[in-house]
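Student: Just dropping this structure here.
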Amino acid sequence: MNAGRPAALVGAYAALPSPRGEQEHFYEGLAGRGIADGLEIPYRDGLGEDARGLAARMRGRFTRSVITLIPGTMARVGASGTFGLASADHDGRRAAIEFLREARIAAEELNQLTGEQSVSVIHIHTAPSTTAVAEMFARSLDEIAASAPAAGAWSTRLVLEHCDAYAPAFPGEKRFLPLEDEIPLAHAGGIGIAINWGRSAIEAQDPGRPLAQITRLASEGLLEGVMFSGAGPTANEYGGPWADAHLPLTEDEPTSLMDADEVRRCLRAAQGAISYAGAKIQVPADAAVDERLAMLGRVMRLLPERVAAGRVPMSAGASATP
């Protein structure tokens with residue numbers, strides 16, 4: 001899937017300070033210190049702010065970004081229980097297809113405003129929770145492909161982000177389809193799959209699961225990206241045990257099972273196949289901007305291309321297609 005150096009992505013919204021002035025300092029640091037050249041942008045009922053303001057923030061800084069539909073998807077799953085591209089409920093599945101169409105239009109508008117390919121990927125998911133049906137997701141992909149714009153193709157491609165699969169023995173959070181079902185769907189639909197470390201770990205409460213899934217997807221030629229977001233078995237300031245709480249590295253949060261060696265193992269297993277890799281972590285609520293950047297930098301400096309290119313200075317982060 002990789003064409004050149006993988007994009008370095010940061011799910012900035014998970015570590016974003018609350019004051020508006022600090023937010024701009026935070027984004028300046030992500031770009032200026034070379035921590036990220038793309039963002040994972042949440043989509044709920046839109047892109048969250050004035051389109052022109054977002055375009056100004058991204059232009060020339062973040063040119064290889066991803067939009068994730070998971071925040072809006074989970075809000076809608078929580079409201080109806082039947083929303084999702086893999087829903088057996090007709091109305092729930094149609095609503096999910098329309099939600100994706102809206103997000104794609106927003107991405108097109110953002111790219112036009114920046115004059116760049118600011119967003120290249122939309123993360124989609126096999127919702128709803130516990131009742132997803134593989135055949136319905138395949139039908140949705142067919143319908144999405146058939147409804148491409150008459151004036152030409154979308155400028156974004158779809159990537160299936162694997163989330164924790166439904167398993168009665170474990171509580172989970174997203175509880176979508178298992179990877180075993182998603183792999184043939186991705187092959188048939190001509191789309192790649194992305195792994196979020198924490199979401200793969202919590203599906204069986206197994207910190208070895210992300211590496212196994214990354215290895216398998218790389219061998220299948222389906223691995224598109226890896227986002228490093230920690231998880232652990234003990235309650236902490238960010239959430240409960242085995243929560244999808246975006247824990248930082250072990251050195252910043254001792255309950256997190258995602259340490260530097262594990263990140264390196266996963267990146268080696270990716271075999272150079274990925275189009276993007278990055279971090280989405282929470283930070284302490286009272287953390288200063290420089291500490292937020294440092295915590296993200298400690299993950300991002302583990303990407304081999306970033307170290308080789310000198311993109312993340314040690315001062316920024318380190319202690320030594322339908």
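Please note that chains go A, B, ... in the order of the structure tokens, that every chain numbers its residues from 1, and that ligands are numbered from 1 in the order shown.
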Give me the residues of stretch 17-112 of chain A that have any atom at most 10 Å from an atom of stretch 263-281 of chain A; for each, the nearest atom pair and the distance in Å, rounded to one decimal. Use only C-alpha atoms, sort by chain and number, and format it as a tab-separated table.
Tutor:
residue	atom	partner	partner_atom	distance
A:Ile35	CA	A:Gly278	CA	9.5
A:Ala36	CA	A:Gly278	CA	8.1
A:Asp37	CA	A:Gly278	CA	10.0
A:Gly38	CA	A:Tyr276	CA	9.0
A:Leu39	CA	A:Gly278	CA	9.0
A:Glu40	CA	A:Lys280	CA	8.2
A:Arg64	CA	A:Tyr276	CA	8.6
A:Ser65	CA	A:Tyr276	CA	9.1
A:Val66	CA	A:Tyr276	CA	9.3
Student: Produce a file of the selected residues containing all heavy atoms, as a short mmCIF file (atom, residue, chain, number, x, y, z; two decimals), in the first residue's frame.
Tutor:
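File produced: again_27.cif:
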data_model
loop_
_atom_site.label_atom_id
_atom_site.label_comp_id
_atom_site.auth_asym_id
_atom_site.auth_seq_id
_atom_site.Cartn_x
_atom_site.Cartn_y
_atom_site.Cartn_z
N ILE A 35 6.82 17.00 14.13
CA ILE A 35 6.19 15.85 14.77
C ILE A 35 5.18 15.19 13.85
O ILE A 35 5.04 13.96 13.84
CB ILE A 35 5.53 16.27 16.10
CG1 ILE A 35 6.61 16.75 17.08
CG2 ILE A 35 4.73 15.14 16.71
CD1 ILE A 35 6.06 17.37 18.35
N ALA A 36 4.46 15.97 13.06
CA ALA A 36 3.41 15.42 12.19
C ALA A 36 3.38 16.15 10.86
O ALA A 36 3.61 17.35 10.80
CB ALA A 36 2.04 15.54 12.87
N ASP A 37 3.10 15.40 9.80
CA ASP A 37 2.81 16.04 8.52
C ASP A 37 1.39 15.74 8.07
O ASP A 37 1.00 16.04 6.95
CB ASP A 37 3.83 15.67 7.44
CG ASP A 37 4.11 14.19 7.35
OD1 ASP A 37 3.20 13.38 7.62
OD2 ASP A 37 5.24 13.84 7.00
N GLY A 38 0.61 15.18 8.99
CA GLY A 38 -0.80 14.97 8.74
C GLY A 38 -1.53 14.78 10.05
O GLY A 38 -0.92 14.49 11.08
N LEU A 39 -2.84 14.97 10.03
CA LEU A 39 -3.68 14.81 11.21
C LEU A 39 -4.70 13.70 10.99
O LEU A 39 -5.11 13.44 9.86
CB LEU A 39 -4.43 16.10 11.52
CG LEU A 39 -3.61 17.37 11.73
CD1 LEU A 39 -4.55 18.56 11.93
CD2 LEU A 39 -2.65 17.23 12.91
N GLU A 40 -5.10 13.07 12.07
CA GLU A 40 -6.32 12.26 12.05
C GLU A 40 -7.43 13.17 12.57
O GLU A 40 -7.42 13.57 13.72
CB GLU A 40 -6.19 11.02 12.92
CG GLU A 40 -7.41 10.11 12.80
CD GLU A 40 -7.42 8.99 13.82
OE1 GLU A 40 -7.68 9.29 15.01
OE2 GLU A 40 -7.18 7.85 13.44
N ARG A 64 -1.16 15.49 4.51
CA ARG A 64 -1.37 14.04 4.29
C ARG A 64 -2.27 13.50 5.39
O ARG A 64 -1.90 12.59 6.13
CB ARG A 64 -0.03 13.31 4.26
CG ARG A 64 0.95 13.88 3.24
CD ARG A 64 2.30 13.17 3.29
NE ARG A 64 2.21 11.80 2.81
CZ ARG A 64 3.24 10.94 2.85
NH1 ARG A 64 4.39 11.30 3.37
NH2 ARG A 64 3.09 9.72 2.39
N SER A 65 -3.47 14.03 5.49
CA SER A 65 -4.33 13.75 6.64
C SER A 65 -5.40 12.72 6.34
O SER A 65 -5.67 12.36 5.19
CB SER A 65 -4.98 15.06 7.13
OG SER A 65 -3.99 15.96 7.60
N VAL A 66 -6.02 12.26 7.43
CA VAL A 66 -7.07 11.25 7.41
C VAL A 66 -8.27 11.79 8.18
O VAL A 66 -8.10 12.42 9.23
CB VAL A 66 -6.57 9.95 8.08
CG1 VAL A 66 -7.71 8.97 8.34
CG2 VAL A 66 -5.47 9.29 7.24
#
Student: Excluding same-chain residues fewer than 4 positions from A:Glu143, what lies within 10 Å of it counting only C-alpha atoms, as a list in words?
Tutor: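 In the requested form, the answer reads Arg94, Ile97, Phe137, Ala138, Arg139, Ser147, Ala148 and Pro322 of chain A.
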Student: Would you mind listing what lies within 7 Å of stretch 243-256 of chain A as number ranges by chain, with only C-alpha atoms counted and same-chain residues fewer than 6 positions away left out?
Tutor: A: 173, 198-199, 229-232, 234, 280-282
Student: Fewer than 4 positions away in the same chain doesn't count, so skip those; otherwise give me all residues within 10 Å of A:Ile67, counting only C-alpha atoms, as a list in words.
Tutor: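 The neighbour list is Gly11, Leu39, Glu40, Ile41, Pro42, Tyr43, Leu47, Ala103, Arg104, Ala106, Ala107, Val119, Ser120, Val121, Ile122, His123, Ile124, Thr156 and Leu158 of chain A.
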Student: Please, what distance in Å, to one decimal, runs between atom CA of A:Leu85 and atom CA of A:Gly225?
Tutor: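 These two atoms are separated by 20.7 Å.
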